[in-house]
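J.: Structure supplied as upload_13.csv; contents: CSV, C-alpha atoms and all ligand atoms.
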```csv
chain,number,residue,atom,x,y,z
A,76,MET,CA,1.6,-24.0,-14.0
A,77,ASP,CA,2.3,-24.1,-10.3
A,78,GLY,CA,5.3,-26.4,-10.9
A,79,ASP,CA,6.7,-23.9,-13.5
A,80,ARG,CA,6.3,-21.1,-11.1
A,81,GLN,CA,8.2,-22.9,-8.3
A,82,CYS,CA,10.9,-23.7,-10.7
A,83,ALA,CA,11.3,-20.1,-11.5
A,84,THR,CA,11.9,-19.2,-7.9
A,85,GLU,CA,12.8,-21.8,-5.2
A,86,HIS,CA,13.8,-25.1,-6.6
A,87,HIS,CA,16.2,-24.2,-9.3
A,88,PRO,CA,18.1,-21.1,-8.5
A,89,PRO,CA,19.5,-20.2,-11.9
A,90,SER,CA,23.3,-20.2,-12.1
A,91,THR,CA,25.0,-17.5,-14.1
A,92,SER,CA,27.2,-20.3,-15.7
A,93,HIS,CA,24.1,-21.5,-17.5
A,94,ARG,CA,23.4,-18.2,-19.1
A,95,PRO,CA,26.7,-17.0,-20.5
A,96,ALA,CA,24.9,-14.3,-22.5
A,97,GLY,CA,23.0,-13.0,-19.5
A,98,PRO,CA,23.1,-9.4,-18.7
A,99,GLY,CA,24.8,-9.8,-15.4
A,100,VAL,CA,27.8,-11.4,-17.1
A,101,ALA,CA,27.8,-8.9,-19.9
A,102,ARG,CA,27.9,-6.1,-17.4
A,103,ARG,CA,30.9,-7.5,-15.6
A,104,ALA,CA,32.7,-7.9,-18.9
A,105,GLY,CA,31.6,-4.4,-19.9
A,106,ALA,CA,33.1,-3.0,-16.7
A,107,HIS,CA,36.4,-4.3,-17.9
A,108,GLY,CA,36.2,-2.4,-21.1
A,109,THR,CA,34.9,-5.0,-23.6
A,110,ALA,CA,32.6,-4.2,-26.4
A,111,ASP,CA,29.6,-5.7,-24.5
A,112,ALA,CA,28.8,-2.5,-22.6
A,113,PRO,CA,26.8,-0.6,-25.3
A,114,ARG,CA,24.4,-3.5,-25.7
A,115,LEU,CA,23.4,-3.6,-22.1
A,116,PRO,CA,20.1,-1.9,-22.1
A,117,HIS,CA,18.8,-4.2,-24.8
A,118,ALA,CA,20.4,-7.5,-23.5
A,119,PRO,CA,17.6,-10.1,-23.2
A,120,LEU,CA,17.3,-11.9,-19.9
A,121,GLN,CA,18.3,-15.5,-20.2
A,122,SER,CA,16.1,-17.3,-17.8
A,123,PRO,CA,14.7,-20.6,-19.2
A,124,MET,CA,13.0,-21.2,-15.9
A,125,LEU,CA,10.4,-18.5,-16.4
A,126,PRO,CA,7.2,-19.6,-18.1
A,127,ALA,CA,6.2,-17.8,-21.3
A,128,THR,CA,2.8,-16.7,-20.1
A,129,MET,CA,1.0,-15.9,-16.9
A,130,ARG,CA,-2.4,-15.1,-15.5
A,131,ALA,CA,-3.3,-11.4,-14.9
A,132,ALA,CA,-6.5,-9.9,-13.6
A,133,ARG,CA,-7.0,-6.9,-15.9
A,134,LEU,CA,-9.4,-4.0,-16.2
A,135,HIS,CA,-10.7,-3.8,-19.8
A,136,ALA,CA,-13.4,-1.2,-19.2
A,137,TYR,CA,-14.5,1.0,-16.3
A,138,GLY,CA,-17.7,-0.4,-14.8
A,139,GLN,CA,-16.8,-4.0,-15.8
A,140,PRO,CA,-15.4,-6.9,-13.6
A,141,LEU,CA,-11.8,-7.7,-13.9
A,142,ARG,CA,-10.9,-10.3,-16.6
A,143,ILE,CA,-8.3,-13.0,-16.0
A,144,ASP,CA,-6.2,-13.0,-19.2
A,145,GLU,CA,-3.2,-15.1,-20.2
A,146,ILE,CA,-0.4,-12.7,-21.1
A,147,ALA,CA,3.3,-12.8,-21.6
A,148,VAL,CA,5.6,-12.8,-18.6
A,149,PRO,CA,7.6,-9.6,-18.7
A,150,ARG,CA,11.4,-10.0,-18.9
A,151,PRO,CA,13.4,-7.6,-16.7
A,152,ALA,CA,15.6,-5.2,-18.6
A,153,ALA,CA,18.7,-3.6,-17.0
A,154,GLY,CA,18.0,-2.4,-13.5
A,155,GLN,CA,14.6,-4.1,-13.4
A,156,VAL,CA,13.4,-6.9,-11.2
A,157,LEU,CA,10.7,-9.5,-11.9
A,158,VAL,CA,8.8,-10.5,-8.8
A,159,ARG,CA,6.7,-13.7,-8.4
A,160,VAL,CA,3.7,-12.3,-6.7
A,161,GLU,CA,2.7,-14.1,-3.5
A,162,GLY,CA,0.3,-11.5,-2.1
A,163,ALA,CA,-1.5,-8.5,-3.5
A,164,GLY,CA,-3.8,-6.6,-1.1
A,165,PHE,CA,-7.2,-5.6,-2.5
A,166,CYS,CA,-7.6,-1.9,-1.8
A,167,HIS,CA,-10.7,0.3,-1.7
A,168,SER,CA,-9.2,2.5,-4.4
A,169,ASP,CA,-9.4,-0.5,-6.8
A,170,LEU,CA,-13.2,-0.4,-6.3
A,171,HIS,CA,-13.2,3.3,-7.5
A,172,LEU,CA,-11.3,2.2,-10.6
A,173,LEU,CA,-13.6,-0.8,-11.2
A,174,SER,CA,-16.7,1.3,-10.9
A,175,GLY,CA,-15.3,4.1,-13.0
A,176,ASP,CA,-15.6,6.7,-10.2
A,177,ILE,CA,-11.9,7.4,-10.9
A,178,GLN,CA,-10.8,7.1,-14.5
A,179,THR,CA,-7.2,8.0,-14.4
A,180,LEU,CA,-5.6,5.0,-16.1
A,181,PRO,CA,-3.5,6.1,-19.0
A,182,LYS,CA,-3.9,2.7,-20.7
A,183,ILE,CA,-6.5,0.0,-20.7
A,184,PRO,CA,-6.3,-3.0,-20.3
A,185,VAL,CA,-4.1,-2.8,-17.3
A,186,THR,CA,-3.4,-5.2,-14.4
A,187,LEU,CA,-4.5,-3.6,-11.1
A,188,GLY,CA,-2.9,-4.3,-7.7
A,189,HIS,CA,-0.7,-1.8,-5.8
A,190,GLU,CA,-0.1,-3.6,-2.5
A,191,ASN,CA,2.4,-6.3,-3.5
A,192,ALA,CA,4.9,-8.7,-2.1
A,193,GLY,CA,6.5,-11.9,-3.3
A,194,ARG,CA,9.8,-13.4,-4.3
A,195,VAL,CA,12.4,-12.2,-6.8
A,196,ALA,CA,12.0,-14.4,-9.8
A,197,ALA,CA,14.6,-12.8,-12.1
A,198,VAL,CA,16.8,-9.7,-12.1
A,199,GLY,CA,18.0,-7.5,-15.0
A,200,ALA,CA,21.6,-6.4,-15.5
A,201,GLY,CA,23.2,-4.4,-12.8
A,202,VAL,CA,20.8,-5.4,-10.0
A,203,THR,CA,22.9,-6.0,-6.9
A,204,ARG,CA,20.8,-5.7,-3.8
A,205,VAL,CA,18.4,-8.5,-4.4
A,206,LYS,CA,18.8,-11.9,-5.9
A,207,GLU,CA,16.5,-14.7,-7.2
A,208,GLY,CA,14.4,-16.2,-4.4
A,209,ASP,CA,14.6,-13.2,-2.0
A,210,ALA,CA,11.3,-12.4,-0.3
A,211,VAL,CA,10.5,-8.7,-0.9
A,212,ALA,CA,7.7,-6.2,-0.4
A,213,VAL,CA,7.2,-3.8,-3.3
A,214,TYR,CA,7.0,0.0,-2.7
A,215,GLY,CA,4.3,1.1,-5.1
A,216,GLY,CA,4.4,4.9,-5.3
A,217,TRP,CA,6.7,5.0,-8.3
A,218,GLY,CA,7.8,8.4,-9.7
A,219,ASP,CA,10.1,9.7,-12.4
A,220,GLY,CA,13.0,9.6,-10.1
A,221,THR,CA,14.3,13.0,-11.2
A,222,CYS,CA,12.0,15.7,-10.1
A,223,ASP,CA,12.5,17.7,-6.9
A,224,TYR,CA,10.0,15.5,-5.0
A,225,CYS,CA,11.7,12.3,-6.1
A,226,VAL,CA,15.2,13.5,-5.3
A,227,ALA,CA,14.0,14.6,-1.9
A,228,GLY,CA,12.7,11.1,-1.3
A,229,GLU,CA,9.0,12.1,-1.5
A,230,GLU,CA,8.4,10.0,-4.6
A,231,ASN,CA,4.8,9.5,-3.8
A,232,CYS,CA,4.3,13.2,-4.5
A,233,CYS,CA,5.9,13.0,-8.0
A,234,PRO,CA,3.8,15.1,-10.5
A,235,THR,CA,4.4,12.5,-13.2
A,236,PHE,CA,3.5,9.6,-10.9
A,237,GLN,CA,3.8,6.1,-12.3
A,238,TRP,CA,2.2,4.1,-9.4
A,239,VAL,CA,2.1,0.4,-9.8
A,240,GLY,CA,-1.3,-0.9,-10.8
A,241,LEU,CA,-2.6,2.6,-11.0
A,242,SER,CA,-0.8,4.0,-14.0
A,243,GLN,CA,0.7,2.6,-17.2
A,244,HIS,CA,2.5,0.1,-15.0
A,245,ASP,CA,0.8,-3.2,-14.5
A,246,GLY,CA,0.2,-4.2,-10.9
A,247,GLY,CA,0.3,-7.3,-8.8
A,248,TYR,CA,-3.0,-9.1,-9.5
A,249,ALA,CA,-0.9,-11.5,-11.7
A,250,ASP,CA,1.6,-14.3,-11.3
A,251,TYR,CA,4.5,-11.9,-12.0
A,252,LEU,CA,5.1,-8.2,-11.4
A,253,LEU,CA,7.8,-6.2,-13.2
A,254,VAL,CA,9.5,-3.7,-10.9
A,255,PRO,CA,11.4,-0.9,-12.7
A,256,GLN,CA,14.0,-0.2,-10.0
A,257,GLU,CA,15.5,-2.4,-7.3
A,258,ARG,CA,15.2,0.5,-4.8
A,259,TYR,CA,11.4,-0.1,-4.7
A,260,LEU,CA,12.0,-3.5,-3.0
A,261,VAL,CA,12.2,-3.9,0.7
A,262,PRO,CA,13.7,-7.3,1.7
A,263,LEU,CA,11.6,-9.4,4.2
A,264,HIS,CA,13.4,-11.5,6.8
A,265,ARG,CA,10.7,-13.0,8.9
A,266,LEU,CA,7.4,-12.0,7.3
A,267,ALA,CA,5.7,-14.1,4.7
A,268,PRO,CA,5.2,-12.1,1.5
A,269,ARG,CA,1.4,-12.5,1.6
A,270,GLU,CA,1.3,-11.1,5.1
A,271,ALA,CA,3.6,-8.3,4.1
A,272,ALA,CA,1.7,-7.2,1.0
A,273,PRO,CA,-1.0,-5.1,2.8
A,274,LEU,CA,1.7,-3.2,4.7
A,275,THR,CA,2.8,-1.4,1.5
A,276,ASP,CA,-0.4,0.7,1.5
A,277,ALA,CA,-2.7,-0.2,4.4
A,278,ALA,CA,0.0,0.3,7.0
A,279,LEU,CA,2.3,2.7,5.1
A,280,THR,CA,-0.5,5.3,4.5
A,281,PRO,CA,-1.6,5.6,8.2
A,282,TYR,CA,2.1,5.5,9.3
A,283,ARG,CA,2.9,8.7,7.2
A,284,ALA,CA,-0.3,10.3,8.5
A,285,ILE,CA,0.6,9.6,12.1
A,286,LYS,CA,4.1,10.8,11.6
A,287,ARG,CA,2.8,14.2,10.4
A,288,ALA,CA,0.8,14.5,13.6
A,289,LEU,CA,3.4,13.3,16.1
A,290,PRO,CA,4.5,16.8,17.2
A,291,ALA,CA,1.0,17.5,18.5
A,292,MET,CA,0.5,14.1,20.2
A,293,THR,CA,0.7,13.7,23.9
A,294,SER,CA,-0.2,10.9,26.4
A,295,ASP,CA,-2.6,13.4,28.0
A,296,TYR,CA,-5.0,13.5,25.1
A,297,PRO,CA,-6.4,10.7,22.9
A,298,ALA,CA,-6.2,10.4,19.2
A,299,LEU,CA,-9.3,9.9,17.1
A,300,VAL,CA,-9.5,7.4,14.2
A,301,ILE,CA,-12.5,7.7,11.9
A,302,GLY,CA,-13.1,4.7,9.7
A,303,THR,CA,-11.9,1.4,10.9
A,304,GLY,CA,-11.3,-0.6,7.8
A,305,GLY,CA,-7.9,-2.0,6.9
A,306,LEU,CA,-6.1,1.4,7.0
A,307,GLY,CA,-7.9,2.5,10.2
A,308,GLN,CA,-7.0,-0.8,11.9
A,309,PHE,CA,-3.4,-0.4,11.1
A,310,GLY,CA,-3.7,3.3,12.2
A,311,ILE,CA,-4.9,2.1,15.6
A,312,LYS,CA,-2.1,-0.3,15.9
A,313,LEU,CA,0.5,2.3,14.9
A,314,LEU,CA,-0.9,4.9,17.3
A,315,ARG,CA,-0.5,2.3,20.1
A,316,LEU,CA,3.1,1.7,19.0
A,317,LEU,CA,4.2,5.3,18.4
A,318,THR,CA,2.2,7.4,20.9
A,319,GLY,CA,1.3,7.2,24.6
A,320,GLY,CA,-2.3,8.4,24.3
A,321,GLU,CA,-5.5,6.5,24.2
A,322,VAL,CA,-7.3,5.9,20.9
A,323,ILE,CA,-11.0,6.6,20.2
A,324,ALA,CA,-12.3,4.8,17.1
A,325,VAL,CA,-15.5,5.9,15.2
A,326,ASP,CA,-17.2,3.8,12.5
A,327,VAL,CA,-20.8,3.2,11.3
A,328,ALA,CA,-20.6,-0.6,11.6
A,329,ASP,CA,-20.5,-2.5,14.9
A,330,ASP,CA,-18.5,-5.4,13.5
A,331,LYS,CA,-15.8,-3.0,12.4
A,332,LEU,CA,-15.8,-1.4,15.8
A,333,ALA,CA,-15.4,-4.8,17.5
A,334,THR,CA,-12.3,-5.4,15.3
A,335,ALA,CA,-11.1,-1.8,16.2
A,336,ARG,CA,-11.3,-2.8,19.8
A,337,GLU,CA,-9.4,-6.0,19.2
A,338,VAL,CA,-6.6,-4.2,17.4
A,339,GLY,CA,-6.2,-1.7,20.3
A,340,ALA,CA,-8.8,1.0,20.4
A,341,HIS,CA,-9.7,2.1,24.0
A,342,HIS,CA,-13.1,3.6,23.1
A,343,VAL,CA,-15.3,2.8,20.1
A,344,LEU,CA,-18.3,4.9,18.9
A,345,ASN,CA,-20.9,4.1,16.3
A,346,SER,CA,-21.6,7.4,14.7
A,347,ARG,CA,-24.6,6.0,12.8
A,348,THR,CA,-26.3,4.9,16.0
A,349,LEU,CA,-25.3,7.9,18.0
A,350,GLY,CA,-25.8,10.6,15.3
A,351,PRO,CA,-23.3,13.4,14.6
A,352,GLU,CA,-24.0,15.6,17.6
A,353,ALA,CA,-23.9,12.8,20.2
A,354,THR,CA,-20.7,11.4,18.6
A,355,MET,CA,-19.0,14.8,18.9
A,356,ALA,CA,-20.3,15.2,22.5
A,357,GLU,CA,-19.0,11.8,23.4
A,358,ILE,CA,-15.6,12.6,22.0
A,359,GLN,CA,-15.6,15.8,24.1
A,360,ARG,CA,-16.5,13.8,27.2
A,361,LEU,CA,-13.7,11.4,26.6
A,362,SER,CA,-11.2,14.2,25.8
A,363,PRO,CA,-12.4,17.5,27.2
A,364,GLY,CA,-11.2,20.3,24.9
A,365,GLY,CA,-10.7,17.9,22.0
A,366,VAL,CA,-8.3,15.2,20.8
A,367,ALA,CA,-4.6,15.7,20.1
A,368,ALA,CA,-5.0,14.5,16.5
A,369,ALA,CA,-7.9,13.2,14.4
A,370,PHE,CA,-7.3,10.9,11.4
A,371,ASP,CA,-10.0,10.7,8.8
A,372,PHE,CA,-9.7,7.4,6.9
A,373,VAL,CA,-13.0,8.1,5.1
A,374,GLY,CA,-12.9,11.7,3.8
A,375,ALA,CA,-16.6,12.2,3.5
A,376,GLU,CA,-18.3,15.5,4.3
A,377,GLY,CA,-19.6,14.3,7.6
A,378,THR,CA,-16.4,12.6,8.7
A,379,LEU,CA,-14.3,15.6,7.9
A,380,ALA,CA,-16.6,17.8,9.9
A,381,LEU,CA,-16.3,15.4,12.8
A,382,ALA,CA,-12.5,15.3,12.5
A,383,LEU,CA,-12.2,19.1,12.3
A,384,GLY,CA,-14.6,19.6,15.2
A,385,SER,CA,-12.9,17.2,17.4
A,386,ALA,CA,-9.3,18.4,17.4
A,387,ARG,CA,-8.1,20.5,20.3
A,388,LYS,CA,-6.1,23.8,20.0
A,389,LEU,CA,-2.7,23.1,18.4
A,390,GLY,CA,-4.0,19.7,17.4
A,391,ARG,CA,-3.7,18.0,14.0
A,392,VAL,CA,-6.3,16.8,11.6
A,393,VAL,CA,-5.1,14.5,8.9
A,394,GLN,CA,-7.3,13.4,6.0
A,395,VAL,CA,-6.4,10.1,4.4
A,396,GLY,CA,-9.6,8.8,2.9
A,397,LEU,CA,-10.7,10.3,-0.4
A,398,ALA,CA,-14.4,9.9,-0.4
A,399,GLY,CA,-14.9,13.3,-2.0
A,400,GLY,CA,-16.0,15.4,1.0
A,401,THR,CA,-15.1,19.0,1.4
A,402,ALA,CA,-13.2,20.1,4.6
A,403,LYS,CA,-15.0,23.3,5.8
A,404,LEU,CA,-12.7,25.4,8.0
A,405,THR,CA,-14.4,28.3,9.7
A,406,ALA,CA,-12.1,29.9,12.3
A,407,LEU,CA,-13.7,29.9,15.8
A,408,GLN,CA,-16.7,28.0,14.5
A,409,SER,CA,-16.0,24.6,12.8
A,410,TRP,CA,-12.5,24.2,14.3
A,411,GLN,CA,-10.3,25.5,17.1
A,412,PRO,CA,-7.5,28.0,16.7
A,413,GLU,CA,-4.1,26.7,15.7
A,414,VAL,CA,-5.4,23.4,14.4
A,415,ASN,CA,-3.3,22.1,11.5
A,416,PHE,CA,-5.1,20.4,8.7
A,417,SER,CA,-3.4,18.3,6.0
A,418,VAL,CA,-4.0,15.6,3.5
A,419,SER,CA,-1.6,12.7,3.7
A,420,PHE,CA,-1.0,10.6,0.6
A,421,TRP,CA,0.4,7.0,0.7
A,422,GLY,CA,4.1,7.1,1.9
A,423,ASN,CA,7.7,7.2,0.7
A,424,ILE,CA,10.3,4.4,0.4
A,425,LYS,CA,12.0,5.4,3.7
A,426,GLU,CA,8.7,5.2,5.5
A,427,LEU,CA,7.9,1.8,4.0
A,428,ARG,CA,11.3,0.6,5.2
A,429,GLU,CA,10.4,1.8,8.7
A,430,VAL,CA,7.0,0.1,8.6
A,431,MET,CA,8.6,-3.1,7.4
A,432,ALA,CA,11.2,-3.0,10.1
A,433,MET,CA,8.4,-2.8,12.7
A,434,ALA,CA,6.5,-5.6,11.1
A,435,ASP,CA,9.4,-7.9,10.4
A,436,ASP,CA,10.5,-8.0,14.0
A,437,GLY,CA,7.0,-8.5,15.3
A,438,ARG,CA,6.3,-5.1,16.8
A,439,LEU,CA,3.6,-4.3,14.3
A,440,THR,CA,1.3,-7.3,14.1
A,441,PRO,CA,-1.1,-8.1,11.2
A,442,ILE,CA,-4.7,-7.0,11.1
A,443,PRO,CA,-7.2,-9.7,10.3
A,444,LEU,CA,-6.2,-11.0,6.8
A,445,GLU,CA,-8.1,-13.2,4.4
A,446,PHE,CA,-6.5,-14.9,1.4
A,447,HIS,CA,-8.1,-15.6,-1.9
A,448,PRO,CA,-6.9,-17.1,-5.2
A,449,LEU,CA,-6.6,-14.9,-8.2
A,450,GLU,CA,-9.7,-16.5,-9.8
A,451,ALA,CA,-11.8,-15.2,-7.0
A,452,ILE,CA,-10.8,-11.6,-7.4
A,453,ASN,CA,-14.2,-10.3,-8.5
A,454,ASP,CA,-15.8,-12.0,-5.4
A,455,VAL,CA,-13.2,-10.2,-3.3
A,456,ALA,CA,-14.2,-6.9,-4.9
A,457,HIS,CA,-17.8,-7.7,-4.2
A,458,ARG,CA,-17.1,-8.6,-0.5
A,459,LEU,CA,-15.1,-5.4,0.0
A,460,GLU,CA,-17.8,-3.3,-1.6
A,461,HIS,CA,-20.4,-4.8,0.7
A,462,GLY,CA,-18.4,-4.4,3.9
A,463,GLN,CA,-17.8,-8.1,4.3
A,464,VAL,CA,-14.0,-7.9,4.6
A,465,ARG,CA,-13.0,-7.7,8.3
A,466,GLY,CA,-9.5,-6.4,7.8
A,467,ARG,CA,-7.7,-6.8,4.5
A,468,ALA,CA,-8.3,-9.2,1.6
A,469,VAL,CA,-5.2,-10.4,-0.1
A,470,VAL,CA,-5.1,-12.1,-3.5
A,471,THR,CA,-2.5,-14.9,-3.7
A,472,PRO,CA,-1.8,-15.6,-7.4
A,501,ZN,ZN,9.3,12.7,-9.6
```
Show me the file's structure as C-alpha cells.
Ligand SMILES: [Zn+2]

T.:
Amino acid sequence: MDGDRQCATEHHPPSTSHRPAGPGVARRAGAHGTADAPRLPHAPLQSPMLPATMRAARLHAYGQPLRIDEIAVPRPAAGQVLVRVEGAGFCHSDLHLLSGDIQTLPKIPVTLGHENAGRVAAVGAGVTRVKEGDAVAVYGGWGDGTCDYCVAGEENCCPTFQWVGLSQHDGGYADYLLVPQERYLVPLHRLAPREAAPLTDAALTPYRAIKRALPAMTSDYPALVIGTGGLGQFGIKLLRLLTGGEVIAVDVADDKLATAREVGAHHVLNSRTLGPEATMAEIQRLSPGGVAAAFDFVGAEGTLALALGSARKLGRVVQVGLAGGTAKLTALQSWQPEVNFSVSFWGNIKELREVMAMADDGRLTPIPLEFHPLEAINDVAHRLEHGQVRGRAVVTP
C-alpha cells in the first residue's frame, strides 16, 4: 500500500502524454473550440497511479470510536484536487463529535479531520496553480463560494458552511483528501506537510483572534491567554511575533503552563491552585488597570468571567474556545467601560496564507508536535481527552 501511495505522488509524476483522454488535455482542446468542452465536468480522471481504495477513519455513530474502513479513493472532477494526506491534526472539536456533544454532521459515516496538509496526488481539469507532487496545506473553512461572506473573503462565516471533516465533506483522517477548489490550497516551500497541518486551525484560529484585538494592543500592557493547549500555545507565539507586550498565560495544569513558558509566556498562573479571586488579583498586580486584550481559548463560564474581568478600559476580549460558557457583561461590574467583546471563529484563506508565510520562513516556529499512525487514532483521541497531549497530536496516514 505504501508503495502504491508513493507511486501516486513522488516517483512517477504522471505525464499528460500517457493520459490522452485526461481532462487537462480535453480542456485545452475545448479552449480551441472542439466538441470536447461540454463533456468537461464529467470527464473521468485518467490516473492509473492512484490505488482503487484507501484507509479512512470514519465516524459511524456518535459516542463510538472511529472505525478504519477501506473505501474508494475519490477521483477529482473539474477544478478539484486530490491530496495525499501526510498530516492531519487531531483537534479538540473532534472529541465533541466523537462524544456526541456536537451532532451537526449532515451525513454519517463521515471521515473526520479538518487540519490537513499533504502532497497533490492528482488534479482535475482546469486546475492550474498546483500540480502533482506539490506540498500543500489545506484551508478547511469551506463555504458555498457565492454568498456575501464568501465573496468578501470571510468564507469561514458562510451560512451554508461545508467545512472539511465537519460537514458532508470527508476530512483528512485518510490516505487521500478530495479538495473541491484549488484556492483552498496554500503551497508549502520549506515546511513539511505534517508540521504544517496543525497551522490550518491551531495557528490560524488564534491568528484571527489576535488580529481582531491588535488595535487595542500596546507594549505597555500585557495580553492574557487563557487555556494553553495547542491553540493557546500558538496564541502565545503569535502574540510574541505580532505585539510588543508581555504575555500572561493561565491554565489549570502545571505541565501545560511549563509548555506555555517554553513557547514564550512571560508569566504563568495556575487558576486551579490559586482560585478565581487570587488569579484575578495576580493579573491586576502584573497589569494594573487590566490587560490590553484577553483571549479565552476555553470558553467556559469561569474562563469567560476571568477574561472579561481582566481587560482594561478600551481593551479587547476575544472568545475562541467553545466550552459552552455564557459571557456575562454587566457594565461597571463584570467589565470595564469600552471593552470590546467578540467571538472569533477559525480564519479565512488570506489569514491562512499569512500564517503559512510566517511559518514557512521560520518566524512562526512549531509548538510541540507528536505524530501517530492512522491506526492509532482512537488512542490519540483518548490521550487528548485526558490531557496527555503536550502540544498538538498529528495523525500521519
Ligand atoms: Zn458562503

J.: Counting all atoms listed in the file, which residues of chain A fall within 12 Å of ligand ZN 501 (chain A), and what is the closest atom pair for each with its distance in Å at one decimal, ordered by chain and rising number, as a Markdown table?

T.:
```
| residue | atom | partner | partner_atom | distance |
| --- | --- | --- | --- | --- |
| A:Gly216 | CA | A:ZN501 | ZN | 10.2 |
| A:Trp217 | CA | A:ZN501 | ZN | 8.2 |
| A:Gly218 | CA | A:ZN501 | ZN | 4.6 |
| A:Asp219 | CA | A:ZN501 | ZN | 4.2 |
| A:Gly220 | CA | A:ZN501 | ZN | 4.9 |
| A:Thr221 | CA | A:ZN501 | ZN | 5.3 |
| A:Cys222 | CA | A:ZN501 | ZN | 4.1 |
| A:Asp223 | CA | A:ZN501 | ZN | 6.5 |
| A:Tyr224 | CA | A:ZN501 | ZN | 5.4 |
| A:Cys225 | CA | A:ZN501 | ZN | 4.3 |
| A:Val226 | CA | A:ZN501 | ZN | 7.3 |
| A:Ala227 | CA | A:ZN501 | ZN | 9.2 |
| A:Gly228 | CA | A:ZN501 | ZN | 9.1 |
| A:Glu229 | CA | A:ZN501 | ZN | 8.1 |
| A:Glu230 | CA | A:ZN501 | ZN | 5.8 |
| A:Asn231 | CA | A:ZN501 | ZN | 8.0 |
| A:Cys232 | CA | A:ZN501 | ZN | 7.2 |
| A:Cys233 | CA | A:ZN501 | ZN | 3.8 |
| A:Pro234 | CA | A:ZN501 | ZN | 6.1 |
| A:Thr235 | CA | A:ZN501 | ZN | 6.1 |
| A:Phe236 | CA | A:ZN501 | ZN | 6.7 |
| A:Gln237 | CA | A:ZN501 | ZN | 9.0 |
| A:Trp238 | CA | A:ZN501 | ZN | 11.2 |
| A:Asn423 | CA | A:ZN501 | ZN | 11.8 |
```

J.: Would you pick out the contacts of segment 394-408 of chain A at 9 Å or less, using only C-alpha atoms, so that residues sharing its chain but fewer than 3 positions from it are not included, and give the list as a VMD selection string?

T.: chain A and resid 168 280 to 281 284 302 369 to 380 382 to 384 411 to 412 416 to 421

J.: Measure the distance from atom CA of Glu161 of chain A to atom CA of Leu314 of chain A in Å and round it to one decimal.

T.: 28.4 Å

J.: Using only C-alpha atoms, find the one residue out of A:Ile452, A:Ala277, A:Met355, A:Cys166 that sits nearest to Ala131 of chain A.

T.: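 Residue with the minimum atom-to-atom distance to Ala131 of chain A: A:Ile452.
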
J.: Show me a table, sorted first by chain and then by increasing residue number, of the residues of segment 283-332 of chain A having an atom at most 12 Å from segment 424-442 of chain A, each with its shortest atom pair and the distance in Å to one decimal, counting all atoms listed in the file and written as a tab-separated table.

T.:
```
residue	atom	partner	partner_atom	distance
A:Arg283	CA	A:Glu426	CA	7.0
A:Ala284	CA	A:Glu426	CA	10.8
A:Ile285	CA	A:Glu426	CA	11.3
A:Lys286	CA	A:Glu426	CA	9.5
A:Arg287	CA	A:Glu426	CA	11.8
A:Thr303	CA	A:Ile442	CA	11.1
A:Gly304	CA	A:Ile442	CA	9.8
A:Gly305	CA	A:Ile442	CA	7.3
A:Leu306	CA	A:Ile442	CA	9.5
A:Gly307	CA	A:Ile442	CA	10.1
A:Gln308	CA	A:Ile442	CA	6.7
A:Phe309	CA	A:Ile442	CA	6.7
A:Gly310	CA	A:Ile442	CA	10.4
A:Ile311	CA	A:Ile442	CA	10.2
A:Lys312	CA	A:Leu439	CA	7.1
A:Leu313	CA	A:Leu439	CA	7.3
A:Leu314	CA	A:Leu439	CA	10.7
A:Arg315	CA	A:Leu439	CA	9.7
A:Leu316	CA	A:Leu439	CA	7.6
A:Leu317	CA	A:Leu439	CA	10.5
A:Lys331	CA	A:Ile442	CA	11.9
```

J.: Those same residues - C-alpha atoms - I'd like them written as a CSV table (one decimal), in the coordinates of the input.

T.:
```
chain,number,residue,atom,x,y,z
A,283,ARG,CA,2.9,8.7,7.2
A,284,ALA,CA,-0.3,10.3,8.5
A,285,ILE,CA,0.6,9.6,12.1
A,286,LYS,CA,4.1,10.8,11.6
A,287,ARG,CA,2.8,14.2,10.4
A,303,THR,CA,-11.9,1.4,10.9
A,304,GLY,CA,-11.3,-0.6,7.8
A,305,GLY,CA,-7.9,-2.0,6.9
A,306,LEU,CA,-6.1,1.4,7.0
A,307,GLY,CA,-7.9,2.5,10.2
A,308,GLN,CA,-7.0,-0.8,11.9
A,309,PHE,CA,-3.4,-0.4,11.1
A,310,GLY,CA,-3.7,3.3,12.2
A,311,ILE,CA,-4.9,2.1,15.6
A,312,LYS,CA,-2.1,-0.3,15.9
A,313,LEU,CA,0.5,2.3,14.9
A,314,LEU,CA,-0.9,4.9,17.3
A,315,ARG,CA,-0.5,2.3,20.1
A,316,LEU,CA,3.1,1.7,19.0
A,317,LEU,CA,4.2,5.3,18.4
A,331,LYS,CA,-15.8,-3.0,12.4
```

J.: Determine the nearest neighbour of Pro140 of chain A from the options A:His244, A:Lys388, A:His457, A:Arg194, counting only C-alpha atoms.

T.: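 Closest to Pro140 of chain A of all the choices is A:His457.
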
J.: So which residues touch Val343 of chain A within 8 Å, counting only C-alpha atoms, skipping near sequence neighbours fewer than 2 positions away, as a PDB file with C-alpha atoms, keeping the file's coordinate frame?

T.:
```pdb
ATOM      1  CA  ILE A 323     -11.000   6.600  20.200  1.00  0.00           C
ATOM      2  CA  ALA A 324     -12.300   4.800  17.100  1.00  0.00           C
ATOM      3  CA  VAL A 325     -15.500   5.900  15.200  1.00  0.00           C
ATOM      4  CA  ASP A 326     -17.200   3.800  12.500  1.00  0.00           C
ATOM      5  CA  LEU A 332     -15.800  -1.400  15.800  1.00  0.00           C
ATOM      6  CA  ALA A 335     -11.100  -1.800  16.200  1.00  0.00           C
ATOM      7  CA  ARG A 336     -11.300  -2.800  19.800  1.00  0.00           C
ATOM      8  CA  ALA A 340      -8.800   1.000  20.400  1.00  0.00           C
ATOM      9  CA  HIS A 341      -9.700   2.100  24.000  1.00  0.00           C
ATOM     10  CA  ASN A 345     -20.900   4.100  16.300  1.00  0.00           C
TER      11      ASN A 345
END
```

J.: Here is a test: counting all atoms listed in the file, which residue of A:Ala271, A:Ala368, A:Leu134, A:Leu349 is nearest to Thr318 of chain A?

T.: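 Smallest separation from Thr318 of chain A among the options: A:Ala368.
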
J.: Using all atoms listed in the file, find the one residue out of A:Thr203, A:Gln139, A:Asn191, A:Ser174 that sits nearest to Pro472 of chain A.

T.: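 Checking each of A:Thr203, A:Gln139, A:Asn191, A:Ser174 against Pro472 of chain A, counting all atoms listed in the file, the winner is A:Asn191.
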